[in-house]
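**Q** File query.cif follows (mmCIF, C-alpha atoms and all ligand atoms):
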```cif
data_data
loop_
_atom_site.label_atom_id
_atom_site.label_comp_id
_atom_site.auth_asym_id
_atom_site.auth_seq_id
_atom_site.Cartn_x
_atom_site.Cartn_y
_atom_site.Cartn_z
CA MET A 1 140.18 68.48 32.66
CA LYS A 2 139.68 70.93 29.80
CA VAL A 3 139.91 74.68 30.30
CA LEU A 4 138.94 77.15 27.60
CA VAL A 5 141.26 80.15 27.85
CA ILE A 6 139.84 83.36 26.42
CA ASN A 7 141.72 86.58 25.69
CA CYS A 8 139.15 89.04 24.43
CA GLY A 9 140.19 92.33 22.82
CA SER A 10 137.95 95.04 21.37
CA SER A 11 137.93 93.46 17.90
CA SER A 12 139.55 90.08 18.51
CA LEU A 13 139.06 86.91 20.54
CA LYS A 14 142.00 84.58 21.10
CA TYR A 15 141.28 81.16 22.53
CA GLN A 16 142.94 77.91 23.54
CA LEU A 17 141.45 74.70 24.86
CA ILE A 18 144.04 73.34 27.28
CA ASN A 19 144.61 70.51 29.71
CA PRO A 20 145.95 72.55 32.65
CA GLU A 21 147.62 69.53 34.23
CA SER A 22 149.66 68.31 31.25
CA GLY A 23 149.75 71.61 29.36
CA GLU A 24 148.45 69.84 26.23
CA VAL A 25 146.78 72.28 23.82
CA PHE A 26 143.76 70.59 22.18
CA ALA A 27 142.91 73.56 19.98
CA ILE A 28 144.14 77.11 19.53
CA GLY A 29 143.03 80.03 17.43
CA LEU A 30 141.74 83.50 16.97
CA CYS A 31 138.74 85.45 15.73
CA ASP A 32 139.97 88.62 14.09
CA ARG A 33 138.31 91.83 12.94
CA ILE A 34 135.14 91.29 14.95
CA GLY A 35 132.65 94.01 14.08
CA ILE A 36 134.84 95.10 11.17
CA HIS A 37 134.38 93.95 7.59
CA GLY A 38 136.49 90.91 6.67
CA SER A 39 136.41 89.00 9.95
CA LYS A 40 137.74 85.47 10.08
CA LEU A 41 138.21 82.53 12.41
CA GLU A 42 141.53 80.71 12.67
CA PHE A 43 141.37 77.24 14.20
CA GLU A 44 144.24 74.85 14.76
CA VAL A 45 144.55 71.36 16.24
CA PRO A 46 148.27 71.01 17.06
CA ALA A 47 148.18 67.24 17.71
CA ILE A 48 147.29 66.48 14.09
CA ASP A 49 148.79 69.57 12.47
CA PHE A 50 145.34 70.68 11.33
CA GLU A 51 144.64 74.30 10.45
CA ILE A 52 141.60 76.00 9.00
CA GLU A 53 140.60 79.60 8.31
CA ILE A 54 136.95 80.50 7.94
CA GLU A 55 136.10 83.93 6.58
CA LYS A 56 132.72 85.10 7.79
CA ASP A 57 131.49 88.43 9.06
CA MET A 58 131.17 88.42 12.84
CA GLU A 59 129.25 91.45 14.00
CA THR A 60 129.67 90.74 17.70
CA HIS A 61 131.81 88.75 20.15
CA LYS A 62 128.80 86.48 20.64
CA GLU A 63 128.91 85.51 16.98
CA ALA A 64 132.66 84.98 17.25
CA LEU A 65 132.35 82.69 20.27
CA GLU A 66 129.56 80.79 18.52
CA MET A 67 131.97 80.14 15.66
CA VAL A 68 134.68 79.01 18.10
CA ILE A 69 132.25 76.59 19.76
CA ALA A 70 131.13 75.30 16.35
CA ALA A 71 134.76 74.66 15.37
CA LEU A 72 135.63 72.99 18.69
CA THR A 73 132.66 70.63 18.31
CA ASN A 74 132.86 70.16 14.53
CA GLU A 75 132.20 66.51 13.59
CA GLU A 76 135.10 66.37 11.20
CA TYR A 77 137.92 68.29 12.87
CA GLY A 78 136.57 69.28 16.30
CA VAL A 79 138.28 68.23 19.54
CA ILE A 80 135.20 67.80 21.76
CA LYS A 81 131.75 66.34 21.13
CA THR A 82 129.80 68.97 23.01
CA VAL A 83 130.58 72.09 24.97
CA GLU A 84 129.71 70.13 28.10
CA GLU A 85 133.26 68.75 27.95
CA VAL A 86 134.65 72.20 28.78
CA ASP A 87 135.11 72.15 32.55
CA ALA A 88 135.83 75.83 33.09
CA ILE A 89 136.71 79.05 31.31
CA GLY A 90 139.75 81.17 32.19
CA HIS A 91 139.76 84.82 31.12
CA ARG A 92 142.66 87.18 30.73
CA LEU A 93 141.62 90.39 32.50
CA VAL A 94 144.00 93.28 32.03
CA HIS A 95 143.51 95.67 34.95
CA GLY A 96 142.48 94.63 38.42
CA GLY A 97 143.71 97.86 40.01
CA GLU A 98 144.38 97.39 43.72
CA ASP A 99 141.31 95.20 44.11
CA PHE A 100 142.76 91.92 42.88
CA SER A 101 146.06 90.41 43.94
CA SER A 102 145.22 86.95 42.66
CA SER A 103 142.95 85.17 40.22
CA ILE A 104 139.28 84.90 41.12
CA LEU A 105 136.01 83.12 40.34
CA ILE A 106 133.95 85.67 38.43
CA ASP A 107 130.49 86.65 39.63
CA GLU A 108 128.43 89.85 39.32
CA GLU A 109 130.28 91.46 42.23
CA VAL A 110 133.68 90.75 40.67
CA MET A 111 132.49 92.10 37.33
CA ALA A 112 131.34 95.29 39.00
CA ALA A 113 134.75 95.65 40.68
CA VAL A 114 136.56 95.10 37.36
CA GLU A 115 134.24 97.60 35.72
CA ALA A 116 135.14 100.12 38.40
CA ASN A 117 138.74 99.86 37.15
CA ASN A 118 137.77 100.42 33.50
CA GLY A 119 139.17 103.95 33.64
CA LEU A 120 142.65 102.48 34.22
CA ALA A 121 142.43 100.31 31.07
CA PRO A 122 139.72 101.84 28.90
CA LEU A 123 140.56 99.78 25.81
CA HIS A 124 141.09 96.43 27.49
CA ASN A 125 138.84 95.97 30.52
CA PRO A 126 135.48 96.53 28.76
CA ALA A 127 136.51 94.09 25.99
CA ASN A 128 137.66 91.52 28.56
CA LEU A 129 134.33 91.79 30.39
CA MET A 130 132.44 91.42 27.15
CA GLY A 131 134.25 88.09 26.71
CA VAL A 132 133.13 86.99 30.17
CA ARG A 133 129.51 87.97 29.55
CA THR A 134 129.49 86.22 26.19
CA CYS A 135 130.83 83.00 27.73
CA MET A 136 128.25 83.19 30.51
CA ALA A 137 125.48 83.58 27.94
CA LEU A 138 126.64 80.83 25.58
CA MET A 139 127.96 78.36 28.17
CA PRO A 140 125.69 78.90 31.18
CA GLY A 141 126.62 77.20 34.42
CA LYS A 142 130.34 76.91 33.64
CA PRO A 143 132.74 78.49 36.13
CA ASN A 144 134.49 81.58 34.74
CA VAL A 145 137.80 82.56 36.32
CA GLY A 146 139.53 85.92 35.91
CA VAL A 147 143.32 86.07 35.72
CA PHE A 148 144.69 89.61 35.93
CA ASP A 149 147.75 91.00 34.15
CA THR A 150 148.32 93.22 37.17
CA ALA A 151 147.83 90.68 40.00
CA PHE A 152 151.36 89.25 40.19
CA HIS A 153 152.77 92.73 40.74
CA GLN A 154 150.52 93.54 43.70
CA THR A 155 153.27 92.40 46.09
CA MET A 156 155.42 95.45 45.19
CA PRO A 157 156.24 97.61 48.20
CA ALA A 158 154.88 101.16 48.30
CA LYS A 159 158.36 102.61 47.75
CA ALA A 160 158.38 100.89 44.34
CA TYR A 161 154.81 101.51 43.22
CA MET A 162 154.25 105.09 44.40
CA TYR A 163 154.83 108.06 42.09
CA ALA A 164 156.16 111.22 43.68
CA LEU A 165 153.01 113.11 42.72
CA PRO A 166 150.63 114.72 45.23
CA TYR A 167 149.46 111.91 47.54
CA ALA A 168 145.86 112.88 46.76
CA ASP A 169 146.34 111.58 43.20
CA TYR A 170 147.03 108.15 44.64
CA LYS A 171 144.21 108.36 47.18
CA ASP A 172 141.53 109.83 44.94
CA LEU A 173 142.50 108.58 41.49
CA LYS A 174 144.45 105.36 42.27
CA VAL A 175 147.41 106.73 40.31
CA ARG A 176 150.39 104.40 41.02
CA LYS A 177 152.48 101.78 39.30
CA TYR A 178 150.55 98.55 38.66
CA GLY A 179 152.66 96.69 36.10
CA PHE A 180 151.49 94.34 33.36
CA HIS A 181 152.46 91.01 31.71
CA GLY A 182 151.95 89.57 35.22
CA THR A 183 151.03 86.08 33.99
CA SER A 184 154.22 85.92 31.95
CA HIS A 185 156.44 87.23 34.76
CA LYS A 186 154.81 84.72 37.10
CA PHE A 187 155.25 81.79 34.71
CA VAL A 188 158.88 82.60 33.86
CA SER A 189 159.98 83.37 37.44
CA THR A 190 158.28 80.19 38.70
CA THR A 191 160.03 78.16 35.99
CA ALA A 192 163.33 79.87 36.87
CA SER A 193 162.89 78.95 40.50
CA GLU A 194 162.13 75.33 39.53
CA ILE A 195 165.32 75.27 37.45
CA MET A 196 167.22 76.52 40.51
CA GLY A 197 165.69 73.70 42.61
CA ASN A 198 163.03 75.88 44.29
CA PRO A 199 165.31 77.55 46.84
CA GLU A 200 163.63 79.46 49.68
CA LYS A 201 165.60 82.58 48.78
CA SER A 202 166.03 83.69 45.18
CA LYS A 203 166.61 86.87 43.18
CA ILE A 204 165.30 86.66 39.64
CA ILE A 205 165.04 89.28 36.90
CA VAL A 206 162.59 88.54 34.10
CA CYS A 207 162.92 90.43 30.81
CA HIS A 208 159.69 89.96 28.83
CA LEU A 209 160.65 91.38 25.45
CA GLY A 210 157.95 91.29 22.81
CA ASN A 211 156.00 93.95 20.99
CA GLY A 212 155.15 95.09 24.48
CA ALA A 213 158.08 94.73 26.87
CA SER A 214 158.65 94.84 30.61
CA VAL A 215 161.20 93.80 33.21
CA SER A 216 160.42 92.59 36.69
CA ALA A 217 162.40 91.91 39.84
CA VAL A 218 161.19 88.82 41.69
CA LYS A 219 162.60 88.22 45.16
CA ASP A 220 161.81 84.97 47.00
CA GLY A 221 158.91 84.35 44.62
CA GLU A 222 157.34 87.81 44.98
CA CYS A 223 157.45 90.70 42.54
CA VAL A 224 159.25 93.66 44.15
CA ASP A 225 159.38 95.96 41.13
CA THR A 226 158.42 96.11 37.46
CA SER A 227 158.98 98.54 34.63
CA MET A 228 155.46 99.20 33.38
CA GLY A 229 153.36 101.65 35.34
CA LEU A 230 149.81 102.89 35.69
CA THR A 231 149.58 102.02 32.00
CA PRO A 232 151.61 99.68 29.78
CA VAL A 233 153.40 102.58 28.08
CA ALA A 234 156.05 103.02 30.80
CA GLY A 235 159.47 101.41 31.13
CA LEU A 236 161.33 99.82 28.24
CA MET A 237 161.37 101.06 24.66
CA MET A 238 158.85 98.84 22.81
CA GLY A 239 157.61 98.17 19.27
CA THR A 240 155.48 101.32 19.13
CA ARG A 241 155.41 102.51 22.76
CA CYS A 242 157.93 105.05 24.02
CA GLY A 243 158.58 103.69 27.51
CA ASP A 244 160.10 106.06 30.07
CA VAL A 245 160.14 109.70 28.96
CA ASP A 246 160.47 112.92 30.92
CA PRO A 247 156.78 113.79 31.59
CA GLY A 248 157.75 117.43 30.96
CA ALA A 249 158.74 116.49 27.39
CA LEU A 250 155.21 115.25 26.74
CA ILE A 251 153.64 118.49 27.92
CA TYR A 252 156.13 120.41 25.74
CA ILE A 253 155.34 118.33 22.61
CA LYS A 254 151.61 118.55 23.25
CA ASN A 255 151.77 122.34 23.44
CA LYS A 256 154.19 122.88 20.57
CA ARG A 257 152.35 120.56 18.18
CA GLU A 258 148.94 121.52 19.54
CA LEU A 259 147.96 117.90 20.03
CA THR A 260 144.71 116.73 21.55
CA ASP A 261 144.90 114.20 24.41
CA LYS A 262 143.96 111.46 21.96
CA GLU A 263 146.68 112.50 19.50
CA LEU A 264 149.28 112.51 22.26
CA ASP A 265 148.07 109.11 23.39
CA THR A 266 148.45 107.77 19.83
CA ARG A 267 151.91 109.33 19.58
CA ILE A 268 153.30 107.63 22.69
CA ASN A 269 151.48 104.29 22.24
CA LYS A 270 151.42 103.71 18.49
CA GLU A 271 154.04 105.94 16.85
CA SER A 272 156.99 105.74 19.21
CA GLY A 273 159.44 103.03 20.31
CA ILE A 274 161.22 101.11 17.54
CA LEU A 275 158.82 102.57 14.97
CA GLY A 276 159.42 106.11 16.20
CA ILE A 277 163.18 105.91 15.89
CA PHE A 278 163.64 103.48 12.96
CA GLU A 279 160.56 104.84 11.11
CA LYS A 280 160.31 101.87 8.72
CA SER A 281 158.83 99.18 10.97
CA SER A 282 158.08 98.31 14.59
CA ASP A 283 159.25 94.73 14.11
CA CYS A 284 162.53 93.67 15.68
CA ARG A 285 163.36 91.32 12.79
CA ASP A 286 163.14 94.18 10.26
CA LEU A 287 165.28 96.24 12.59
CA GLU A 288 167.99 93.59 12.75
CA ILE A 289 168.02 93.09 8.97
CA ALA A 290 168.34 96.87 8.40
CA ARG A 291 171.16 97.08 10.95
CA GLU A 292 173.01 94.34 9.10
CA LYS A 293 172.80 96.52 5.99
CA GLY A 294 174.30 99.45 7.87
CA ASP A 295 171.10 101.42 8.60
CA GLU A 296 172.14 103.97 11.23
CA ARG A 297 168.65 104.50 12.65
CA ALA A 298 168.26 100.76 13.10
CA GLN A 299 171.55 100.74 15.00
CA LEU A 300 170.40 103.68 17.12
CA ALA A 301 167.09 101.97 17.95
CA ILE A 302 168.88 98.78 18.99
CA ASP A 303 171.38 100.73 21.07
CA MET A 304 168.60 102.65 22.81
CA MET A 305 166.50 99.56 23.43
CA THR A 306 169.29 97.43 24.84
CA TYR A 307 170.84 100.29 26.85
CA ARG A 308 167.58 100.64 28.69
CA ILE A 309 167.15 96.89 29.27
CA ARG A 310 170.69 96.81 30.69
CA ALA A 311 169.96 99.78 32.96
CA TYR A 312 166.80 98.12 34.28
CA ILE A 313 168.64 94.86 34.95
CA ALA A 314 171.37 96.66 36.90
CA SER A 315 168.85 98.76 38.79
CA TYR A 316 166.77 95.71 39.79
CA ALA A 317 169.89 93.84 40.86
CA ALA A 318 170.62 96.83 43.09
CA ALA A 319 167.04 96.85 44.37
CA MET A 320 167.28 93.16 45.37
CA GLY A 321 170.90 93.30 46.60
CA GLY A 322 172.01 90.93 43.86
CA VAL A 323 170.64 88.62 41.22
CA ASP A 324 170.80 84.82 40.82
CA MET A 325 169.18 84.49 37.42
CA ILE A 326 168.32 86.74 34.47
CA CYS A 327 165.60 85.31 32.20
CA PHE A 328 164.65 86.32 28.67
CA THR A 329 161.20 85.66 27.27
CA GLY A 330 158.69 86.99 24.69
CA GLY A 331 159.12 87.06 20.90
CA ILE A 332 162.34 89.10 21.06
CA GLY A 333 163.70 87.68 24.32
CA GLU A 334 163.23 84.10 23.13
CA ASN A 335 164.49 84.59 19.58
CA SER A 336 166.93 87.45 19.29
CA SER A 337 170.47 86.50 20.26
CA LEU A 338 171.56 90.01 19.28
CA ILE A 339 169.20 91.83 21.66
CA ARG A 340 170.07 89.43 24.51
CA SER A 341 173.77 89.85 23.95
CA GLU A 342 173.65 93.66 23.57
CA SER A 343 171.43 93.97 26.66
CA LEU A 344 173.93 92.12 28.83
CA LYS A 345 177.00 93.92 27.50
CA GLY A 346 178.82 95.72 30.28
CA LEU A 347 177.19 93.75 33.10
CA GLU A 348 180.31 91.61 33.58
CA PHE A 349 181.10 93.70 36.68
CA MET A 350 178.01 92.06 38.28
CA GLY A 351 179.24 88.58 37.44
CA VAL A 352 177.12 88.26 34.29
CA GLU A 353 178.91 86.17 31.65
CA LEU A 354 176.95 85.23 28.54
CA ASP A 355 178.09 82.19 26.57
CA GLN A 356 178.08 83.80 23.11
CA GLU A 357 178.24 80.46 21.35
CA VAL A 358 175.20 78.95 23.10
CA ASN A 359 173.39 82.29 22.80
CA GLY A 360 173.87 82.23 19.04
CA VAL A 361 172.30 78.79 18.54
CA ARG A 362 168.52 78.49 18.14
CA LYS A 363 167.16 75.83 20.45
CA LYS A 364 163.62 75.16 21.68
CA GLY A 365 162.58 75.12 25.33
CA ASN A 366 164.41 76.45 28.38
CA VAL A 367 168.05 77.07 27.53
CA LYS A 368 170.92 78.06 29.82
CA LEU A 369 172.88 80.84 28.12
CA SER A 370 175.48 81.70 30.75
CA LYS A 371 179.03 80.41 30.98
CA GLU A 372 179.81 77.91 33.72
CA SER A 373 181.96 80.59 35.39
CA SER A 374 179.12 83.14 35.41
CA LYS A 375 177.99 84.11 38.93
CA VAL A 376 174.58 84.95 37.53
CA ALA A 377 172.68 82.31 35.55
CA ILE A 378 171.20 83.51 32.26
CA TYR A 379 168.28 81.62 30.71
CA LYS A 380 165.93 81.79 27.80
CA ILE A 381 162.54 80.60 29.07
CA PRO A 382 159.62 80.55 26.60
CA THR A 383 156.59 82.12 28.23
CA ASN A 384 153.17 80.47 28.35
CA GLU A 385 150.56 82.91 29.58
CA GLU A 386 147.66 80.69 28.52
CA LEU A 387 148.96 77.85 30.67
CA VAL A 388 149.13 80.15 33.72
CA ILE A 389 145.51 81.15 33.07
CA ALA A 390 144.47 77.49 32.68
CA ARG A 391 146.34 76.43 35.83
CA ASP A 392 144.93 79.29 37.92
CA THR A 393 141.47 78.38 36.63
CA LEU A 394 141.93 74.75 37.67
CA GLU A 395 143.22 75.78 41.10
CA ILE A 396 140.26 78.07 41.73
CA VAL A 397 137.67 75.64 40.40
CA ASN A 398 139.13 72.96 42.67
CA GLY A 399 138.82 75.39 45.58
P1 LIG B 1 155.59 89.05 20.86
O1 LIG B 1 154.87 90.35 21.09
O2 LIG B 1 156.05 88.40 22.12
O3 LIG B 1 154.85 88.14 19.94
O4 LIG B 1 156.95 89.45 20.08
C1 LIG B 1 156.93 90.06 18.83
C2 LIG B 1 158.33 90.58 18.53
O5 LIG B 1 159.25 89.48 18.50
C3 LIG B 1 158.45 91.28 17.18
O6 LIG B 1 159.17 92.49 17.31
C4 LIG B 1 159.27 90.31 16.36
O7 LIG B 1 160.06 90.96 15.41
C5 LIG B 1 160.15 89.68 17.44
N1 LIG B 1 160.75 88.43 16.95
C6 LIG B 1 160.16 87.27 16.68
N2 LIG B 1 161.07 86.38 16.17
C7 LIG B 1 162.26 87.03 16.14
C8 LIG B 1 163.59 86.68 15.74
N3 LIG B 1 163.86 85.49 15.26
N4 LIG B 1 164.57 87.61 15.85
C9 LIG B 1 164.29 88.84 16.34
N5 LIG B 1 163.06 89.22 16.75
C10 LIG B 1 162.07 88.35 16.66
#
```
How does the structure come out when it is put into structure tokens?
**A**
Amino acid sequence: MKVLVINCGSSSLKYQLINPESGEVFAIGLCDRIGIHGSKLEFEVPAIDFEIEIEKDMETHKEALEMVIAALTNEEYGVIKTVEEVDAIGHRLVHGGEDFSSSILIDEEVMAAVEANNGLAPLHNPANLMGVRTCMALMPGKPNVGVFDTAFHQTMPAKAYMYALPYADYKDLKVRKYGFHGTSHKFVSTTASEIMGNPEKSKIIVCHLGNGASVSAVKDGECVDTSMGLTPVAGLMMGTRCGDVDPGALIYIKNKRELTDKELDTRINKESGILGIFEKSSDCRDLEIAREKGDERAQLAIDMMTYRIRAYIASYAAAMGGVDMICFTGGIGENSSLIRSESLKGLEFMGVELDQEVNGVRKKGNVKLSKESSKVAIYKIPTNEELVIARDTLEIVNG
């Protein structure tokens, strides 16, 4: 079985050809700067350590996908003879609103329902749908499956997802917490449960810390709360996103600086977070290097970031009446021993004991980071969102 996983953005198309059963990645890559001058295709075959970059202008996503298909079937370095070998296509779809609580086989009706949620993710949903349409046009007859970032969080109870705004805003405008990174939270919490021996009852907290970052509370396999909201700007402090802020502060800044809606949107999504405080970079590695050199803003940014992660962990432990395992994933969660260690500082009262020595050693795969005496297990679990998409696609195609 071969599933082509597509993650289509407004000017990019990421892809992987995967065996959903074994997890083997046949090929992986990206088309960048679609519709912008200087576009290129990156194509990699991990099994033979082969990599190629082809610079060619791609005006549309159709041209990009044509290049991907040409690379996949290339006589010299391709991994399939013809596109017929692709059994199904799995698409990352960002916002399913309240309409989708699981992955789904895409047809016209589904596309219309996703389109109806475009207002909730104006940058992502139209691009995602363009990817679906392009695949349908270039690979007719293949099943296309949609896997939503929001679906895993649809099990949240109303007390967790409602905002204390006029109820009419929920009823008329669908304003509520949806949460994002669902495929990652699902993959990591499922892996955590497997590590625990798949108990019937479990309380897991997943910290997905990357450029975008979110925490989720997963009780008995179901998400009961998550830190992102109606949009992915809520919750933790991120690379360039502010996370939780007093909404009154935003109105104040908007008025004082006479910002347009778009300017305010840019401010909270692209100019805040690590970048906003540190001012030199949004990258956690740069932040850590600067902190080592005594940069006070870098220290402040790290303190703010980890204080908030810690507060979310404690709050979700309270929400679930305890926690069995805390998992770290994402570029920062998987790689930064400093951020993990700072985030857990002070949680000893909950029975959280990090093994500093193990935490400080870089090791691939799932790694237990807690001391034997720790009441709460702490793990680093590398996420694999593409594999979740490929597995969901297989499950749906197999009915
Ligand atoms: P992601 O969005 O999941 O790809 O994560 C990107 C973030 O991970 C960036 O802020 C990187 O600086 C951070 N990152 C990657 N490797 C490391 C590392 N070794 N130490 C600290 N942060 C890292």
**Q** Let me have all residues with an atom within 10 Å of ligand LIG 1 (chain B), counting all atoms listed in the file, laid out as a PyMOL selection string.
**A** chain A and resi 208-213+238-240+274+281-289+329-339+362+382-383
**Q** Let's have the selection written as a compact mmCIF listing (two decimals), keeping the file's coordinate frame, with C-alpha atoms.
**A**
```
# COMPACT_ATOMS: atom_id res chain seq x y z
CA HIS A 208 159.69 89.96 28.83
CA LEU A 209 160.65 91.38 25.45
CA GLY A 210 157.95 91.29 22.81
CA ASN A 211 156.00 93.95 20.99
CA GLY A 212 155.15 95.09 24.48
CA ALA A 213 158.08 94.73 26.87
CA MET A 238 158.85 98.84 22.81
CA GLY A 239 157.61 98.17 19.27
CA THR A 240 155.48 101.32 19.13
CA ILE A 274 161.22 101.11 17.54
CA SER A 281 158.83 99.18 10.97
CA SER A 282 158.08 98.31 14.59
CA ASP A 283 159.25 94.73 14.11
CA CYS A 284 162.53 93.67 15.68
CA ARG A 285 163.36 91.32 12.79
CA ASP A 286 163.14 94.18 10.26
CA LEU A 287 165.28 96.24 12.59
CA GLU A 288 167.99 93.59 12.75
CA ILE A 289 168.02 93.09 8.97
CA THR A 329 161.20 85.66 27.27
CA GLY A 330 158.69 86.99 24.69
CA GLY A 331 159.12 87.06 20.90
CA ILE A 332 162.34 89.10 21.06
CA GLY A 333 163.70 87.68 24.32
CA GLU A 334 163.23 84.10 23.13
CA ASN A 335 164.49 84.59 19.58
CA SER A 336 166.93 87.45 19.29
CA SER A 337 170.47 86.50 20.26
CA LEU A 338 171.56 90.01 19.28
CA ILE A 339 169.20 91.83 21.66
CA ARG A 362 168.52 78.49 18.14
CA PRO A 382 159.62 80.55 26.60
CA THR A 383 156.59 82.12 28.23
```
**Q** Which one of A:Leu250, A:Leu264, A:Ile34, A:Val68 sits closest to Ser11 of chain A if you count all atoms listed in the file?
**A**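 Ranked by minimum distance to Ser11 of chain A, first place goes to A:Ile34.
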**Q** Leaving out Glu385 of chain A and any residue of its chain fewer than 4 positions from it, which residues lie within 9 Å of it when counting all atoms listed in the file, given as a ChimeraX atom specification?
**A** /A:181-187,389-390
**Q** Mind giving me the straight-line distance from atom CA of Val145 of chain A to atom CA of Glu395 of chain A in Å, one decimal?
**A**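 That distance, rounded to one decimal, is 9.9 Å.
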**Q** If we count all atoms listed in the file, what is near segment 151-164 of chain A at a cut-off of 9 Å, once residues fewer than 2 positions away on the same chain are taken out, given as number ranges by chain?
**A** A: 95-103, 147-149, 166-167, 170, 175-183, 185-186, 216, 222-226, 229
**Q** Pull all heavy atoms for segment 221-227 of chain A from the block and write them as a short mmCIF file (atom, residue, chain, number, x, y, z; two decimals), in the first residue's frame.
**A**
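Output below, filename decode.cif:
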```cif
data_model
loop_
_atom_site.label_atom_id
_atom_site.label_comp_id
_atom_site.auth_asym_id
_atom_site.auth_seq_id
_atom_site.Cartn_x
_atom_site.Cartn_y
_atom_site.Cartn_z
N GLY A 221 -7.84 8.43 26.26
CA GLY A 221 -7.77 8.43 24.79
C GLY A 221 -8.49 9.58 24.11
O GLY A 221 -8.43 9.71 22.88
N GLU A 222 -9.20 10.42 24.88
CA GLU A 222 -9.94 11.52 24.26
C GLU A 222 -9.42 12.87 24.71
O GLU A 222 -9.15 13.07 25.90
CB GLU A 222 -11.42 11.42 24.62
CG GLU A 222 -12.11 10.26 23.96
CD GLU A 222 -13.62 10.36 24.06
OE1 GLU A 222 -14.11 11.09 24.94
OE2 GLU A 222 -14.29 9.70 23.25
N CYS A 223 -9.33 13.80 23.76
CA CYS A 223 -8.88 15.15 24.12
C CYS A 223 -9.95 15.83 24.97
O CYS A 223 -11.12 15.88 24.58
CB CYS A 223 -8.62 15.97 22.85
SG CYS A 223 -8.16 17.65 23.24
N VAL A 224 -9.55 16.35 26.13
CA VAL A 224 -10.51 17.07 26.98
C VAL A 224 -10.21 18.57 27.05
O VAL A 224 -11.05 19.35 27.50
CB VAL A 224 -10.59 16.47 28.41
CG1 VAL A 224 -11.22 15.09 28.37
CG2 VAL A 224 -9.24 16.44 29.10
N ASP A 225 -9.03 18.96 26.61
CA ASP A 225 -8.75 20.41 26.52
C ASP A 225 -7.47 20.61 25.70
O ASP A 225 -6.63 19.71 25.61
CB ASP A 225 -8.57 21.06 27.90
CG ASP A 225 -8.92 22.55 27.88
OD1 ASP A 225 -9.08 23.12 26.78
OD2 ASP A 225 -9.03 23.15 28.96
N THR A 226 -7.35 21.77 25.11
CA THR A 226 -6.14 22.10 24.35
C THR A 226 -5.94 23.60 24.37
O THR A 226 -6.90 24.35 24.60
CB THR A 226 -6.21 21.53 22.91
OG1 THR A 226 -4.93 21.64 22.31
CG2 THR A 226 -7.24 22.26 22.06
N SER A 227 -4.70 24.04 24.14
CA SER A 227 -4.39 25.45 24.38
C SER A 227 -4.69 26.39 23.21
O SER A 227 -4.86 27.58 23.41
CB SER A 227 -2.92 25.60 24.79
OG SER A 227 -2.08 25.09 23.78
#
```
